[in-house]
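J.: File name final_4.tsv; file contents TSV, C-alpha atoms; full text below.
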chain	number	residue	atom	x	y	z
A	24	MET	CA	-1.15	-50.59	5.60
A	25	THR	CA	-4.84	-49.94	5.00
A	26	VAL	CA	-6.91	-48.79	7.97
A	27	ILE	CA	-10.50	-50.05	8.14
A	28	VAL	CA	-12.69	-47.51	9.92
A	29	VAL	CA	-16.07	-48.64	11.27
A	30	GLY	CA	-18.78	-46.30	12.45
A	31	ASP	CA	-21.31	-43.62	11.62
A	32	VAL	CA	-21.76	-41.50	8.55
A	33	VAL	CA	-24.04	-38.50	9.04
A	34	THR	CA	-24.94	-35.08	7.77
A	35	ASP	CA	-23.59	-32.49	10.19
A	36	ILE	CA	-25.54	-29.24	10.41
A	37	VAL	CA	-22.99	-27.08	12.19
A	38	THR	CA	-24.16	-23.82	13.73
A	39	VAL	CA	-21.34	-21.61	15.00
A	40	HIS	CA	-22.70	-18.80	17.18
A	41	GLU	CA	-20.98	-16.04	19.13
A	42	GLY	CA	-22.15	-15.17	22.59
A	43	PRO	CA	-25.00	-16.80	24.50
A	44	LEU	CA	-28.06	-18.31	22.84
A	45	ALA	CA	-31.08	-15.99	22.81
A	46	ILE	CA	-33.61	-18.59	23.98
A	47	GLY	CA	-37.03	-17.87	22.48
A	48	SER	CA	-35.58	-15.34	20.04
A	49	ASP	CA	-32.88	-15.06	17.34
A	50	THR	CA	-29.14	-15.70	17.59
A	51	LEU	CA	-26.81	-14.76	14.74
A	52	ALA	CA	-24.72	-17.69	13.56
A	53	SER	CA	-22.82	-19.23	10.68
A	54	VAL	CA	-24.55	-22.43	9.50
A	55	ARG	CA	-22.93	-25.14	7.38
A	56	ALA	CA	-24.24	-28.54	6.29
A	57	GLY	CA	-21.84	-31.27	5.21
A	58	GLY	CA	-20.29	-34.62	5.98
A	59	GLY	CA	-19.90	-35.77	9.56
A	60	GLY	CA	-19.85	-38.75	11.88
A	61	SER	CA	-16.81	-39.41	14.06
A	62	ALA	CA	-15.65	-42.49	12.17
A	63	ALA	CA	-16.31	-41.01	8.72
A	64	ASN	CA	-14.42	-37.88	9.75
A	65	THR	CA	-11.40	-39.94	10.78
A	66	ALA	CA	-11.55	-41.82	7.49
A	67	ALA	CA	-11.66	-38.54	5.54
A	68	TRP	CA	-8.66	-37.12	7.44
A	69	LEU	CA	-6.71	-40.34	6.81
A	70	GLY	CA	-7.53	-40.06	3.13
A	71	SER	CA	-6.50	-36.40	3.10
A	72	VAL	CA	-2.94	-37.32	4.13
A	73	GLY	CA	-2.77	-40.12	1.57
A	74	HIS	CA	-3.11	-43.05	3.98
A	75	PRO	CA	-5.06	-45.99	2.50
A	76	VAL	CA	-8.41	-46.28	4.25
A	77	THR	CA	-11.67	-48.21	3.91
A	78	PHE	CA	-14.85	-47.03	5.62
A	79	ALA	CA	-17.64	-49.40	6.71
A	80	GLY	CA	-21.06	-48.09	7.68
A	81	VAL	CA	-24.72	-47.80	6.70
A	82	ALA	CA	-26.50	-44.91	4.98
A	83	GLY	CA	-29.98	-44.29	3.68
A	84	ASP	CA	-30.73	-44.63	-0.01
A	85	ASP	CA	-31.42	-40.90	-0.13
A	86	GLU	CA	-29.83	-37.69	-1.39
A	87	PRO	CA	-27.89	-37.00	1.83
A	88	GLY	CA	-26.48	-40.53	1.75
A	89	THR	CA	-25.35	-40.10	-1.85
A	90	ALA	CA	-23.70	-36.77	-1.00
A	91	ARG	CA	-21.95	-38.15	2.08
A	92	LEU	CA	-20.48	-41.11	0.20
A	93	ALA	CA	-19.36	-38.89	-2.68
A	94	GLU	CA	-17.51	-36.71	-0.16
A	95	LEU	CA	-15.70	-39.72	1.27
A	96	VAL	CA	-14.68	-40.96	-2.18
A	97	ALA	CA	-13.43	-37.46	-3.06
A	98	ALA	CA	-11.32	-37.55	0.12
A	99	GLY	CA	-9.60	-40.73	-1.05
A	100	VAL	CA	-11.66	-43.18	1.04
A	101	THR	CA	-12.75	-46.58	-0.24
A	102	THR	CA	-16.27	-47.31	1.02
A	103	THR	CA	-18.21	-50.52	1.62
A	104	VAL	CA	-21.26	-48.65	2.89
A	105	ARG	CA	-24.61	-50.43	2.67
A	106	ARG	CA	-27.49	-48.29	1.40
A	107	VAL	CA	-30.92	-48.92	2.92
A	108	PRO	CA	-34.10	-47.76	1.11
A	109	GLY	CA	-36.75	-46.10	3.23
A	110	VAL	CA	-34.38	-45.17	6.05
A	111	ALA	CA	-32.86	-41.71	6.42
A	112	THR	CA	-29.12	-41.13	6.57
A	113	GLY	CA	-28.13	-40.01	10.06
A	114	THR	CA	-28.15	-36.32	10.96
A	115	VAL	CA	-26.46	-34.37	13.74
A	116	VAL	CA	-27.17	-30.74	14.62
A	117	VAL	CA	-24.09	-29.19	16.20
A	118	LEU	CA	-24.19	-25.97	18.22
A	119	ALA	CA	-20.61	-24.73	18.41
A	120	SER	CA	-19.15	-21.75	20.24
A	121	ASP	CA	-15.47	-21.17	20.98
A	122	ALA	CA	-14.07	-24.48	22.30
A	123	GLU	CA	-17.41	-26.09	23.16
A	124	ARG	CA	-20.01	-27.95	21.15
A	125	THR	CA	-23.42	-29.46	21.85
A	126	MET	CA	-24.91	-32.09	19.56
A	127	PHE	CA	-28.42	-33.29	18.78
A	128	THR	CA	-28.30	-36.69	17.10
A	129	ASP	CA	-30.69	-38.61	14.84
A	130	ARG	CA	-28.80	-41.85	14.19
A	131	GLY	CA	-31.01	-42.90	11.29
A	132	ALA	CA	-29.49	-45.69	9.18
A	133	ASN	CA	-26.40	-45.93	11.40
A	134	GLN	CA	-28.28	-48.04	13.92
A	135	LEU	CA	-28.65	-50.78	11.28
A	136	LEU	CA	-24.91	-51.56	11.18
A	137	SER	CA	-24.47	-55.34	11.39
A	138	PRO	CA	-21.58	-57.84	11.71
A	139	THR	CA	-22.11	-58.63	8.03
A	140	ASP	CA	-21.31	-55.00	7.14
A	141	VAL	CA	-18.05	-55.32	9.08
A	142	ASP	CA	-17.12	-58.62	7.42
A	143	ARG	CA	-17.79	-57.10	4.01
A	144	ALA	CA	-15.21	-54.41	4.69
A	145	LEU	CA	-12.67	-56.89	6.05
A	146	ASP	CA	-13.12	-59.18	3.05
A	147	ALA	CA	-12.80	-56.24	0.64
A	148	THR	CA	-9.53	-55.10	2.23
A	149	PRO	CA	-7.00	-57.95	1.96
A	150	ASP	CA	-4.17	-55.56	2.84
A	151	GLY	CA	-5.96	-54.33	5.95
A	152	ARG	CA	-3.56	-53.84	8.84
A	153	HIS	CA	-5.59	-51.97	11.43
A	154	LEU	CA	-9.25	-51.50	12.41
A	155	HIS	CA	-10.44	-48.29	14.06
A	156	LEU	CA	-13.85	-48.19	15.75
A	157	SER	CA	-15.82	-45.24	17.05
A	158	ALA	CA	-17.52	-45.99	20.38
A	159	TYR	CA	-20.69	-44.33	19.09
A	160	VAL	CA	-21.42	-47.74	17.56
A	161	LEU	CA	-21.13	-49.36	21.00
A	162	PHE	CA	-23.44	-46.81	22.65
A	163	ASP	CA	-26.38	-47.91	20.48
A	164	PRO	CA	-27.82	-51.29	21.55
A	165	ASP	CA	-29.05	-51.93	18.01
A	166	CYS	CA	-25.58	-51.90	16.46
A	167	ALA	CA	-23.32	-52.55	19.48
A	168	PRO	CA	-23.01	-56.25	18.47
A	169	ALA	CA	-21.49	-55.10	15.17
A	170	GLY	CA	-18.95	-52.98	17.04
A	171	ARG	CA	-17.91	-55.83	19.30
A	172	HIS	CA	-17.73	-58.14	16.30
A	173	ALA	CA	-15.48	-55.66	14.50
A	174	LEU	CA	-12.88	-55.71	17.27
A	175	LEU	CA	-12.96	-59.50	17.68
A	176	ALA	CA	-12.93	-60.25	13.93
A	177	ALA	CA	-10.04	-57.85	13.37
A	178	HIS	CA	-7.94	-59.56	16.03
A	179	GLU	CA	-8.80	-62.99	14.59
A	180	ARG	CA	-7.50	-61.82	11.22
A	181	GLY	CA	-4.28	-60.44	12.72
A	182	LEU	CA	-5.16	-56.74	12.54
A	183	THR	CA	-4.38	-54.30	15.32
A	184	THR	CA	-7.30	-52.30	16.70
A	185	SER	CA	-8.09	-48.89	18.14
A	186	LEU	CA	-11.17	-47.49	19.85
A	187	ASP	CA	-12.19	-43.85	20.13
A	188	ALA	CA	-14.10	-43.32	23.38
A	189	ALA	CA	-16.21	-40.77	21.48
A	190	SER	CA	-18.32	-38.98	24.12
A	191	ALA	CA	-18.33	-38.62	27.91
A	192	ALA	CA	-22.11	-38.44	28.48
A	193	PRO	CA	-22.99	-41.83	26.90
A	194	LEU	CA	-20.03	-43.43	28.67
A	195	GLU	CA	-21.34	-42.10	31.96
A	196	ARG	CA	-24.85	-43.36	31.25
A	197	LEU	CA	-23.57	-46.86	30.48
A	198	GLY	CA	-21.17	-46.97	33.42
A	199	PRO	CA	-19.34	-50.27	34.04
A	200	ALA	CA	-21.58	-52.00	31.50
A	201	PHE	CA	-19.59	-50.32	28.73
A	202	TRP	CA	-16.34	-52.14	29.47
A	203	SER	CA	-18.01	-55.40	30.44
A	204	SER	CA	-18.85	-56.20	26.83
A	205	VAL	CA	-15.99	-54.50	24.96
A	206	PRO	CA	-12.90	-56.53	24.03
A	207	ASN	CA	-9.51	-55.06	24.89
A	208	VAL	CA	-7.92	-53.02	22.12
A	209	ASP	CA	-4.37	-52.21	21.08
A	210	LEU	CA	-4.93	-48.47	21.32
A	211	LEU	CA	-7.53	-46.34	23.11
A	212	PHE	CA	-8.20	-42.67	22.33
A	213	ALA	CA	-10.03	-40.58	24.95
A	214	ASN	CA	-10.27	-36.90	25.70
A	215	LEU	CA	-9.84	-35.74	29.28
A	216	ASP	CA	-13.57	-35.86	30.11
A	217	GLU	CA	-13.93	-39.35	28.65
A	218	ALA	CA	-10.81	-40.58	30.46
A	219	ARG	CA	-12.19	-39.29	33.76
A	220	VAL	CA	-15.43	-41.20	33.22
A	221	LEU	CA	-13.54	-44.39	32.36
A	222	ALA	CA	-10.71	-44.21	34.90
A	223	GLY	CA	-11.91	-41.94	37.70
A	224	PRO	CA	-12.55	-38.24	38.26
A	225	THR	CA	-9.08	-37.25	39.48
A	226	GLY	CA	-5.51	-37.45	38.27
A	227	SER	CA	-3.41	-35.99	35.50
A	228	ALA	CA	-3.71	-37.04	31.88
A	229	ALA	CA	-0.68	-39.29	32.40
A	230	ASP	CA	-2.27	-40.86	35.49
A	231	LEU	CA	-5.53	-41.48	33.65
A	232	ALA	CA	-3.77	-42.94	30.62
A	233	ALA	CA	-1.77	-45.29	32.82
A	234	ALA	CA	-4.91	-46.36	34.70
A	235	LEU	CA	-6.55	-47.40	31.43
A	236	LEU	CA	-3.72	-49.71	30.37
A	237	ASP	CA	-5.66	-52.66	31.74
A	238	ARG	CA	-8.10	-52.09	28.86
A	239	ALA	CA	-5.70	-51.27	26.03
A	240	GLY	CA	-2.15	-51.94	24.96
A	241	ALA	CA	-1.57	-48.18	24.77
A	242	VAL	CA	-3.67	-45.15	25.64
A	243	VAL	CA	-3.79	-41.60	24.28
A	244	VAL	CA	-5.49	-38.94	26.39
A	245	LYS	CA	-6.25	-35.67	24.58
A	246	SER	CA	-6.36	-32.50	26.67
A	247	GLY	CA	-7.36	-29.95	24.03
A	248	ALA	CA	-5.18	-26.87	24.30
A	249	GLY	CA	-3.21	-28.75	26.98
A	250	GLY	CA	-1.78	-31.17	24.43
A	251	ALA	CA	-1.92	-34.97	24.40
A	252	THR	CA	-0.38	-37.78	26.44
A	253	TRP	CA	0.54	-41.34	25.47
A	254	ALA	CA	1.03	-44.22	27.89
A	255	GLY	CA	2.30	-47.67	27.02
A	256	PRO	CA	3.16	-50.79	29.01
A	257	ALA	CA	6.93	-50.47	29.18
A	258	GLU	CA	7.86	-46.79	28.81
A	259	PRO	CA	7.26	-43.57	30.75
A	260	PRO	CA	4.29	-41.49	29.53
A	261	VAL	CA	4.97	-39.15	26.61
A	262	HIS	CA	3.38	-35.70	26.38
A	263	VAL	CA	3.34	-33.25	23.47
A	264	PRO	CA	1.87	-29.73	23.48
A	265	ALA	CA	-1.01	-28.70	21.27
A	266	VAL	CA	-0.24	-26.88	18.03
A	267	PRO	CA	-1.17	-23.22	18.56
A	268	VAL	CA	-3.97	-21.81	16.43
A	269	ALA	CA	-4.81	-18.15	15.95
A	270	ARG	CA	-8.49	-18.77	16.72
A	271	VAL	CA	-10.57	-21.83	17.55
A	272	VAL	CA	-13.49	-21.60	15.12
A	273	ASP	CA	-15.22	-24.95	15.65
A	274	PRO	CA	-13.99	-27.93	17.71
A	275	THR	CA	-16.21	-30.38	15.81
A	276	GLY	CA	-14.13	-33.30	14.57
A	277	ALA	CA	-10.86	-32.21	16.20
A	278	GLY	CA	-10.52	-35.53	18.02
A	279	ASP	CA	-11.34	-37.42	14.83
A	280	ALA	CA	-8.61	-35.54	12.97
A	281	PHE	CA	-6.18	-36.17	15.83
A	282	ALA	CA	-6.87	-39.92	15.69
A	283	ALA	CA	-6.22	-39.94	11.93
A	284	GLY	CA	-2.95	-38.08	12.30
A	285	PHE	CA	-1.78	-40.33	15.10
A	286	LEU	CA	-2.73	-43.55	13.30
A	287	ALA	CA	-1.13	-42.51	10.01
A	288	ALA	CA	2.18	-41.90	11.79
A	289	TRP	CA	2.00	-44.76	14.30
A	290	LEU	CA	1.21	-47.37	11.65
A	291	SER	CA	4.15	-46.08	9.61
A	292	GLY	CA	6.54	-46.82	12.48
A	293	ALA	CA	6.71	-43.39	14.13
A	294	SER	CA	7.54	-43.02	17.80
A	295	PRO	CA	4.71	-42.15	20.22
A	296	ALA	CA	5.99	-38.56	20.41
A	297	ASP	CA	6.03	-38.16	16.64
A	298	ALA	CA	2.61	-39.80	16.30
A	299	LEU	CA	1.19	-37.44	18.96
A	300	SER	CA	2.68	-34.45	17.15
A	301	ASN	CA	1.14	-35.56	13.86
A	302	GLY	CA	-2.21	-35.95	15.58
A	303	ALA	CA	-1.89	-32.50	17.12
A	304	ARG	CA	-1.12	-31.02	13.70
A	305	LEU	CA	-4.30	-32.37	12.12
A	306	GLY	CA	-6.32	-31.47	15.21
A	307	ALA	CA	-5.15	-27.87	14.89
A	308	LEU	CA	-6.26	-27.78	11.27
A	309	ALA	CA	-9.68	-29.08	12.31
A	310	VAL	CA	-10.42	-26.49	15.00
A	311	ALA	CA	-9.46	-23.61	12.70
A	312	GLN	CA	-12.36	-24.31	10.32
A	313	VAL	CA	-16.09	-24.98	10.42
A	314	GLY	CA	-17.02	-28.66	10.24
A	315	GLY	CA	-15.31	-31.92	11.08
A	316	ARG	CA	-13.77	-32.79	7.69
A	317	PRO	CA	-10.62	-31.59	5.88
A	318	ARG	CA	-11.28	-28.49	3.78
A	319	GLY	CA	-12.94	-29.41	0.52
A	320	ARG	CA	-13.94	-32.87	1.85
As structure tokens, please, write out the structure in this file.
T.:
Amino acid sequence: MTVIVVGDVVTDIVTVHEGPLAIGSDTLASVRAGGGGSAANTAAWLGSVGHPVTFAGVAGDDEPGTARLAELVAAGVTTTVRRVPGVATGTVVVLASDAERTMFTDRGANQLLSPTDVDRALDATPDGRHLHLSAYVLFDPDCAPAGRHALLAAHERGLTTSLDAASAAPLERLGPAFWSSVPNVDLLFANLDEARVLAGPTGSAADLAAALLDRAGAVVVKSGAGGATWAGPAEPPVHVPAVPVARVVDPTGAGDAFAAGFLAAWLSGASPADALSNGARLGALAVAQVGGRPRGR
């Protein structure tokens, strides 16, 4: 039942501001530093609901790296993270306001992820059932081979796989080259912007999900406050509404939390509708707080 999650671990410096930025002057904001990285966030949310999870990645042999790994362990995550002396742990500065966020990324040690790091996690997890990969790994030419290896090696060992499309802008920059080197997966997660880059600029979430079934056994398209839609090969699309929240504080990590909720339910035998609802529940918890991890993680 264990999920192996492969991807980045970073320090998120989240700045939540109200109103427009005062360029060249001061803008009042709430600033929080803590654990981040799309894949590490998903691992932490899986751990928070008690689902067995192993995280594979690379961090610097520095204080931020030590803190980030301690947070994952405290969240119930087993780690096989390689520590690299002389290289900084990745850092992301997040500017968040209402339902939008802008990120400035220093990948640091994450770009050193190798196929050997992936194999170490697979070997250390004999009960591994599923491998989840963040596409951020595939966007970086230095570590993209490790991401492709993760999907292929998982299938060779009989694990199912999922891919989080991660971010629309890098997908757009890569264009068709993205899919040309990525093996098909059992499950693809994409938000509406990402799905439009991958499948075309028009169509409903259900249309986009169906159009992507040539790349994945099943597809989940997340539409934020509009809910989420699942499409599979032999059933009509399934849609569930978003879980209402009193106030969206910070959308950072909401998609990562959704993926964790969906996977925890789906791998336990839940129907697509129930898995979507579980994803929506964790996503709602994520947007109601600052930062991309479960509270206290």
J.: Excluding Arg105 in chain A and its own-chain neighbours fewer than 3 positions away, which residues fall within 8 Å of it when counting all atoms listed in the file? Please give them as a list in words.
T.: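 Once the nearby chain positions are removed, what remains is Gly80, Val81, Ala82 and Asp140 of chain A.
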J.: Please indicate the distance in Å from CA of Gly250 in chain A to CA of Leu235 in chain A, rounded to one decimal place.
T.: 18.3 Å
J.: Which polymer residues have any atom within 8 Å of an atom of range 175-177 of chain A, counting only C-alpha atoms, with same-chain residues fewer than 4 positions away left out, as a VMD selection string?
T.: chain A and resid 142 145 153 to 154 171 181 to 184 206
J.: Between CA of Arg130 in chain A and CA of Thr103 in chain A, what distance in Å does the model show, to one decimal?
T.: 18.6 Å
J.: If you measure from CA of Arg238 in chain A to CA of Leu135 in chain A, what distance in Å do you get, rounded to one decimal?
T.: 27.1 Å
J.: Using all atoms listed in the file, find the one residue out of A:Val104, A:Val117, A:Leu290, A:Val263 that sits nearest to Ser137 in chain A.
T.: A:Val104
J.: Residues around (-31.0, -41.9, 11.9), cut-off 12 Å, counting only C-alpha atoms - what are they as a ChimeraX atom specification?
T.: /A:31-34,60,81-83,87-88,107,109-115,127-136,163,165
J.: Need the shell around Phe212 in chain A: protein/DNA/RNA residues with any atom at most 12 Å away, counting only C-alpha atoms. Skip same-chain ones fewer than 2 positions apart. Format as JSON, numbers by chain?
T.: {"A": [155, 156, 157, 158, 184, 185, 186, 187, 188, 189, 190, 208, 209, 210, 214, 215, 216, 217, 218, 221, 228, 231, 232, 235, 236, 238, 239, 240, 241, 242, 243, 244, 245, 246, 251, 252, 253, 254, 278, 279, 280, 281, 282, 283, 285, 286, 299, 302]}
J.: Would you mind exporting C-alpha atoms of the selected residues as a short mmCIF file (atom, residue, chain, number, x, y, z; two decimals), in the coordinates of the input?
T.:
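Written output follows (again12.cif):
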data_model
loop_
_atom_site.label_atom_id
_atom_site.label_comp_id
_atom_site.auth_asym_id
_atom_site.auth_seq_id
_atom_site.Cartn_x
_atom_site.Cartn_y
_atom_site.Cartn_z
CA HIS A 155 -10.44 -48.29 14.06
CA LEU A 156 -13.85 -48.19 15.75
CA SER A 157 -15.82 -45.24 17.05
CA ALA A 158 -17.52 -45.99 20.38
CA THR A 184 -7.30 -52.30 16.70
CA SER A 185 -8.09 -48.89 18.14
CA LEU A 186 -11.17 -47.49 19.85
CA ASP A 187 -12.19 -43.85 20.13
CA ALA A 188 -14.10 -43.32 23.38
CA ALA A 189 -16.21 -40.77 21.48
CA SER A 190 -18.32 -38.98 24.12
CA VAL A 208 -7.92 -53.02 22.12
CA ASP A 209 -4.37 -52.21 21.08
CA LEU A 210 -4.93 -48.47 21.32
CA ASN A 214 -10.27 -36.90 25.70
CA LEU A 215 -9.84 -35.74 29.28
CA ASP A 216 -13.57 -35.86 30.11
CA GLU A 217 -13.93 -39.35 28.65
CA ALA A 218 -10.81 -40.58 30.46
CA LEU A 221 -13.54 -44.39 32.36
CA ALA A 228 -3.71 -37.04 31.88
CA LEU A 231 -5.53 -41.48 33.65
CA ALA A 232 -3.77 -42.94 30.62
CA LEU A 235 -6.55 -47.40 31.43
CA LEU A 236 -3.72 -49.71 30.37
CA ARG A 238 -8.10 -52.09 28.86
CA ALA A 239 -5.70 -51.27 26.03
CA GLY A 240 -2.15 -51.94 24.96
CA ALA A 241 -1.57 -48.18 24.77
CA VAL A 242 -3.67 -45.15 25.64
CA VAL A 243 -3.79 -41.60 24.28
CA VAL A 244 -5.49 -38.94 26.39
CA LYS A 245 -6.25 -35.67 24.58
CA SER A 246 -6.36 -32.50 26.67
CA ALA A 251 -1.92 -34.97 24.40
CA THR A 252 -0.38 -37.78 26.44
CA TRP A 253 0.54 -41.34 25.47
CA ALA A 254 1.03 -44.22 27.89
CA GLY A 278 -10.52 -35.53 18.02
CA ASP A 279 -11.34 -37.42 14.83
CA ALA A 280 -8.61 -35.54 12.97
CA PHE A 281 -6.18 -36.17 15.83
CA ALA A 282 -6.87 -39.92 15.69
CA ALA A 283 -6.22 -39.94 11.93
CA PHE A 285 -1.78 -40.33 15.10
CA LEU A 286 -2.73 -43.55 13.30
CA LEU A 299 1.19 -37.44 18.96
CA GLY A 302 -2.21 -35.95 15.58
#
J.: Let me make sure I understand: among A:Pro193, A:Gly57, A:Gly276, A:Gly255, which one has the smallest atom-to-atom distance to Leu95 in chain A if we use all atoms listed in the file?
T.: A:Gly57
J.: Which residue out of A:Thr148, A:Thr225, A:Thr25, A:Ser48 has the minimum interatomic distance to Ala66 in chain A when only C-alpha atoms are used?
T.: A:Thr25
J.: Gln312 in chain A: which residues within 12 Å, counting all atoms listed in the file, same-chain residues fewer than 6 positions away excluded, as a VMD selection string?
T.: chain A and resid 37 39 53 55 119 121 268 to 277 305 to 306 318 to 319
J.: My list of candidates is A:Met126, A:Cys166, A:Leu118, A:Val28. Which is closest to Thr139 in chain A when distances are computed with all atoms listed in the file?
T.: A:Cys166
J.: Smallest atom-to-atom distance to Asp146 in chain A: which of A:Thr38, A:Thr77, A:Thr65, A:Ser71, using only C-alpha atoms?
T.: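 Smallest distance to Asp146 in chain A is found for A:Thr77.
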J.: Between A:Ala303, A:Ala296, A:Glu94, A:Pro317, which one has atoms that come closest to Gly58 in chain A, using only C-alpha atoms?
T.: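 Among A:Ala303, A:Ala296, A:Glu94, A:Pro317, it is A:Glu94 that comes nearest to Gly58 in chain A.
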